[in-house]
Amino acid sequence: MCLVLAVIVFVVYCELYCGSKLDLMYDFLGLHHDIADDRSQLASDYGVRNVPLFGTFSKSQDKDESQPASFAMIRGALKSTNVSHHFSDDLIVSGGVRNSSDKDDTDVGNSGRIFHSSACVTSANVMEMRDVLMYRPKPYSAFWVDVDAPLLYRLKVYNLAIGILRAKIRRERGYRIWSDPAPSPVVIWASRDDFFEQLSNFTHIQTVALSWIRSECSDRNLLIMSYPEWIASEPLCTWIRTPGHTKARWDAVYNRTCVTELDAALRERPLEPLYLHAKPINPNHYWPNKGLSYPWHFYSDPPRHVLYLHVAEDAIVTSVGDIFSGSVKIVPYSCSHDLTPSKPEGYSQALIFSEVFIMSGHWGSGHFHKSIELIPRIAPYLDFLIKHPDIMIQVSETGGRTANTLIIFGIRKERLVSGSLRAKIAYLPQATPCGFGQVQELQVLSKLYRDHIRSYKNVKSRNIVVIHRSGLRRLTDASHIEMSIEKLAAEYGLQFRLYHDQQLPSFEDTMIMFNEAVLVVAPHGAGSSNILFCEPGTFFVEFVCNQPHVNMCYQHVAHVLGLRYHGIPSEEGCEDHIKVNPKLIEFVVRTKLEQWKHLQAVRQS
């Protein structure tokens with residue numbers, strides 16, 4: 001008993017005074033997270049060998065034969081730099097100038113990366129160096145995870161990096177009480193081109209970024225790298241190229257790839273870089289508060305990062321996911337925003353949590369917005385959140401699909417909180433502007449859903465799913481069209497499943513229904529969010545509103561998930577109803593089923 005008490009006293013003492021030396025105690029007690037074991041497990045899980053945990057590696061210009069840089073030599077290179085952010089010995093951080101006096105193969109280049117001479121970090125090296133997480137001031141200040149490996153492996157390492165940063169902050173913070181942010185903060189908008197550069201001026205908010213590897217849309221940066229040509233029946237292709245006809249900038253969102261040739265559904269093209277950025281608004285349409293929480297313009301090149309996450313101390317978190325910390329208010333991408341920089345009313349009475357992960361946002365109770373914009377934000381961080389169950393999760397709703405999703409992924413409902421709150425440590429993952437979900441988040445979430453379905457349902461039936469809407473954007477002559485499609489399903493040996501908005505199936509049944517679909521047919525509406533459960537290659541026919549209400553957000557979702565999309569425009573009526581020629585629908589559906597039949601024959605040959 002006395003020994004146990006002595007150990008506890010020693011641990012508390014080390015937490016307060018010993019800093020990184022506590023790691024030695026944890027190692028002795030068997031409590032410390034073993035990074036080397038994690039790396040071995042990752043290599044086993046993903047078939048990756050000789051991949052460094054952190055860093056971009058290259059051979060030295062000065063020697064013919066390169067050797068791994070030692071921990072001491074890396075530290076020596078770092079001591080010559082002016083680094084405002086740094087970790088203790090268990091986490092190496094670089095600043096950005098070459099140390100010409102070093103005789104080894106370590107190059108701290110102008111980019112702020114450490115270039116190691118070997119592409120292999122052995123378990124021994126990892127145990128010696130712990131980890132190498134690069135702090136770089138350019139292109140903006142962040143702790144960069146640069147490991148070159150398939151995306152799922154990189155996400156594991158990214159989660160480990162966030163966990164290491166968390167441990168460092170907690171160790172330095174100790175038992176310090178929550179501190180009130182400044183009364184008149186500087187407002188920083190995530191939509192600004194210089195958002196990260198602005199944020200770099202405030203050292204109490206730290207960013208962890210998973211860097212974009214090379215320039216192409218490869219498996220280093222994406223799970224799904226191509227999509228079938230997107231097809232539309234005229235005049236939809238004409239509408240999306242007409243200013244004022246669409247709710248978003250067509251030139252940014254659609255990249256001029258709309259075609260009318262039905263056979264194009266069997267062709268694939270690489271995912272364009274435009275898909276990987278947040279999208280600007282169409283100024284000809286109304287947007288809340290003039291669209292300030294949307295990007296200012298669009299890019300044609302890949303982004304600088306795959307994902308990023310901010311870690312802020314002593315934060316006020318609003319009910320829609322804005323945060324106040326120190327002298328800063330961060331407004332992430334959102335469907336709307338609060339223009340006032342003042343703290344939320346009554347914040348001083350809000351509960352103070354030790355740690356909170358933020359996945360709330362404007363319009364977060366809406367089915368589309370929570371399914372496509374908010375729930376995906378947590379998908380890349382499940383490893384981190386499951387390993388640290390004391391972190392609370394702020395959501396827009398504590399029940400419904402949000403809770404159902406998190407429960408199947410191992411997050412207890414008791415961890416969910418909503419409304420304004422205060423947090424000693426707040427984790428703010430990148431958000432997405434209204435309507436066009438972040439690509440990697442959507443792809444990871446869809447894979448998690450599909451893996452979950454496969455875990456308990458091995459034998460799949462095949463069906464056609466038709467979504468029935470009874471409110472806005474209801475399909476005229478719906479019963480006749482549904483009967484026609486049901487007959488086609490029987491003709492091709494498929495089951496017919498009706499997803500009726502007045503008789504919704506359970507969450508599990510919904511997942512299975514859409515996962516087993518070879519074809520989904522739907523009027524534009526929130527029910528189409530369920531294509532997240534579909535397998536890549538599924539055919540998706542959407543009845544789209546007539547201009548000026550054209551909204552192609554599901555085309556975006558379908559293509560980043562690798563679905564075969566076809567849009568059919570309404571002749572009249574939106575937003576009240578959608579009118580489409582039943583004969584056109586039957587022709588398109590039959591064509592899709594013939595294409596599905598052809599693909600089945602090719603796979604079996």
# chains A, B, ... in the order shown; residues from 1 in each chain; ligands from 1
>>> select_by_dssp(residues="range 333-465 of chain A", states="strand (DSSP E or B)", output="list in words")
Ile352, Phe353, Ser354, Glu355, Val356, Phe357, Ile358, Met392, Ile393, Gln394, Leu416, Val417, Leu421, Arg422, Ala423, Lys424, Ile425, Ala426, Tyr427, Leu428, Pro429, Asn463, Ile464 and Val465 of chain A
>>> residues_around(residues="Leu309 in chain A", least_positions_apart="6", cutoff="7 Å", atoms="only C-alpha atoms", output="list in words")
Thr207, Val208, Ala209, Tyr427, Leu428, Pro429 and Gln430 of chain A
>>> write_last_selection(atoms="N, CA and C atoms", output="mmCIF file, in the first residue's frame")
data_model
loop_
_atom_site.group_PDB
_atom_site.id
_atom_site.type_symbol
_atom_site.label_atom_id
_atom_site.label_comp_id
_atom_site.auth_asym_id
_atom_site.auth_seq_id
_atom_site.Cartn_x
_atom_site.Cartn_y
_atom_site.Cartn_z
ATOM 1 N N THR A 207 -1.591 24.217 -34.600
ATOM 2 C CA THR A 207 -2.194 23.489 -35.712
ATOM 3 C C THR A 207 -1.365 22.254 -36.034
ATOM 4 N N VAL A 208 -2.039 21.132 -36.211
ATOM 5 C CA VAL A 208 -1.403 19.919 -36.718
ATOM 6 C C VAL A 208 -1.945 19.693 -38.124
ATOM 7 N N ALA A 209 -1.059 19.534 -39.095
ATOM 8 C CA ALA A 209 -1.478 19.396 -40.490
ATOM 9 C C ALA A 209 -0.909 18.118 -41.091
ATOM 10 N N TYR A 427 -10.344 21.024 -29.427
ATOM 11 C CA TYR A 427 -9.829 20.495 -30.690
ATOM 12 C C TYR A 427 -10.805 20.887 -31.792
ATOM 13 N N LEU A 428 -10.336 21.697 -32.738
ATOM 14 C CA LEU A 428 -11.190 22.199 -33.814
ATOM 15 C C LEU A 428 -10.707 21.634 -35.149
ATOM 16 N N PRO A 429 -11.355 20.579 -35.669
ATOM 17 C CA PRO A 429 -10.967 20.062 -36.989
ATOM 18 C C PRO A 429 -11.448 20.995 -38.084
ATOM 19 N N GLN A 430 -10.844 20.880 -39.250
ATOM 20 C CA GLN A 430 -11.270 21.748 -40.341
ATOM 21 C C GLN A 430 -12.739 21.499 -40.665
#
>>> residues_around(residues="range 580-595 of chain A", least_positions_apart="6", cutoff="10 Å", atoms="only C-alpha atoms", output="PyMOL selection string")
chain A and resi 233+262-263+265-266+464+475-478+480-482+484-485+488-489+491-492+494+518-521+523+538-541+543-545+564+566+568-572+601
>>> write_last_selection(atoms="N, CA and C atoms", output="compact mmCIF listing (two decimals), in the first residue's frame")
# COMPACT_ATOMS: atom_id res chain seq x y z
N SER A 233 -28.96 14.90 -68.35
CA SER A 233 -29.88 15.09 -69.47
C SER A 233 -30.04 16.59 -69.69
N LEU A 262 -24.67 8.93 -72.57
CA LEU A 262 -24.99 7.98 -71.51
C LEU A 262 -23.89 6.94 -71.31
N ASP A 263 -23.21 6.54 -72.37
CA ASP A 263 -22.15 5.54 -72.24
C ASP A 263 -20.96 6.05 -71.44
N ALA A 265 -20.87 6.90 -68.55
CA ALA A 265 -20.92 6.39 -67.18
C ALA A 265 -19.92 5.28 -66.94
N LEU A 266 -19.45 4.64 -68.00
CA LEU A 266 -18.48 3.55 -67.87
C LEU A 266 -17.05 4.04 -67.99
N ILE A 464 -32.82 -1.98 -56.17
CA ILE A 464 -32.95 -0.60 -56.63
C ILE A 464 -33.67 0.16 -55.53
N LEU A 475 -41.96 14.48 -56.19
CA LEU A 475 -42.00 14.12 -57.60
C LEU A 475 -43.45 14.00 -58.07
N THR A 476 -43.79 14.74 -59.10
CA THR A 476 -45.15 14.62 -59.65
C THR A 476 -45.30 13.25 -60.30
N ASP A 477 -46.49 12.70 -60.17
CA ASP A 477 -46.78 11.37 -60.72
C ASP A 477 -45.84 10.32 -60.13
N ALA A 478 -45.52 10.49 -58.83
CA ALA A 478 -44.54 9.62 -58.18
C ALA A 478 -44.96 8.16 -58.20
N HIS A 480 -46.82 6.45 -60.26
CA HIS A 480 -46.66 5.84 -61.59
C HIS A 480 -45.19 5.57 -61.88
N ILE A 481 -44.34 6.51 -61.56
CA ILE A 481 -42.90 6.36 -61.81
C ILE A 481 -42.33 5.23 -60.95
N GLU A 482 -42.74 5.16 -59.68
CA GLU A 482 -42.25 4.11 -58.79
C GLU A 482 -42.67 2.73 -59.27
N SER A 484 -43.25 1.88 -62.35
CA SER A 484 -42.46 1.60 -63.56
C SER A 484 -41.08 1.08 -63.19
N ILE A 485 -40.45 1.71 -62.21
CA ILE A 485 -39.11 1.28 -61.79
C ILE A 485 -39.18 -0.08 -61.10
N LEU A 488 -39.08 -2.68 -63.70
CA LEU A 488 -37.73 -2.82 -64.24
C LEU A 488 -36.84 -3.62 -63.28
N ALA A 489 -37.00 -3.40 -61.99
CA ALA A 489 -36.23 -4.15 -61.01
C ALA A 489 -36.49 -5.65 -61.15
N GLU A 491 -37.57 -7.20 -63.77
CA GLU A 491 -37.06 -7.64 -65.07
C GLU A 491 -35.57 -7.98 -65.00
N TYR A 492 -34.82 -7.24 -64.17
CA TYR A 492 -33.38 -7.46 -64.07
C TYR A 492 -33.00 -8.29 -62.84
N LEU A 494 -33.76 -7.86 -59.63
CA LEU A 494 -33.39 -7.05 -58.47
C LEU A 494 -34.60 -6.81 -57.57
N VAL A 518 -27.77 -1.27 -56.30
CA VAL A 518 -26.99 -1.13 -57.53
C VAL A 518 -27.37 0.18 -58.22
N LEU A 519 -28.56 0.72 -57.84
CA LEU A 519 -29.04 1.97 -58.42
C LEU A 519 -29.90 2.68 -57.39
N VAL A 520 -29.66 3.97 -57.20
CA VAL A 520 -30.49 4.83 -56.35
C VAL A 520 -31.12 5.88 -57.25
N VAL A 521 -32.45 6.05 -57.12
CA VAL A 521 -33.19 7.04 -57.90
C VAL A 521 -33.88 7.97 -56.91
N PRO A 523 -35.49 12.26 -56.09
CA PRO A 523 -35.58 13.71 -56.28
C PRO A 523 -34.60 14.40 -55.33
N THR A 538 -21.74 2.44 -57.58
CA THR A 538 -23.20 2.43 -57.59
C THR A 538 -23.73 3.52 -58.52
N PHE A 539 -24.80 3.21 -59.25
CA PHE A 539 -25.44 4.21 -60.11
C PHE A 539 -26.38 5.07 -59.28
N PHE A 540 -26.38 6.37 -59.56
CA PHE A 540 -27.22 7.31 -58.81
C PHE A 540 -27.86 8.28 -59.80
N VAL A 541 -29.18 8.24 -59.89
CA VAL A 541 -29.94 9.14 -60.76
C VAL A 541 -30.68 10.13 -59.88
N PHE A 543 -33.09 13.65 -59.67
CA PHE A 543 -33.96 14.62 -60.33
C PHE A 543 -33.66 15.98 -59.73
N VAL A 544 -33.09 16.87 -60.53
CA VAL A 544 -32.55 18.13 -60.05
C VAL A 544 -33.54 19.26 -60.32
N CYS A 545 -33.58 20.23 -59.43
CA CYS A 545 -34.47 21.38 -59.60
C CYS A 545 -34.16 22.15 -60.88
N ARG A 564 -21.64 6.55 -59.88
CA ARG A 564 -21.92 6.89 -61.28
C ARG A 564 -23.16 7.78 -61.30
N HIS A 566 -25.98 10.60 -62.57
CA HIS A 566 -26.73 11.12 -63.72
C HIS A 566 -27.78 12.09 -63.20
N ILE A 568 -31.06 14.54 -63.91
CA ILE A 568 -32.17 14.82 -64.82
C ILE A 568 -32.87 16.08 -64.32
N PRO A 569 -32.96 17.13 -65.13
CA PRO A 569 -33.53 18.39 -64.65
C PRO A 569 -35.05 18.37 -64.63
N SER A 570 -35.60 19.11 -63.65
CA SER A 570 -37.05 19.28 -63.57
C SER A 570 -37.52 20.23 -64.66
N GLU A 571 -38.70 19.96 -65.20
CA GLU A 571 -39.27 20.85 -66.22
C GLU A 571 -39.86 22.10 -65.60
N GLU A 572 -40.26 22.02 -64.33
CA GLU A 572 -40.91 23.17 -63.68
C GLU A 572 -41.01 22.88 -62.19
N ALA A 601 -21.02 -8.77 -66.05
CA ALA A 601 -20.47 -9.77 -66.97
C ALA A 601 -18.96 -9.63 -67.11
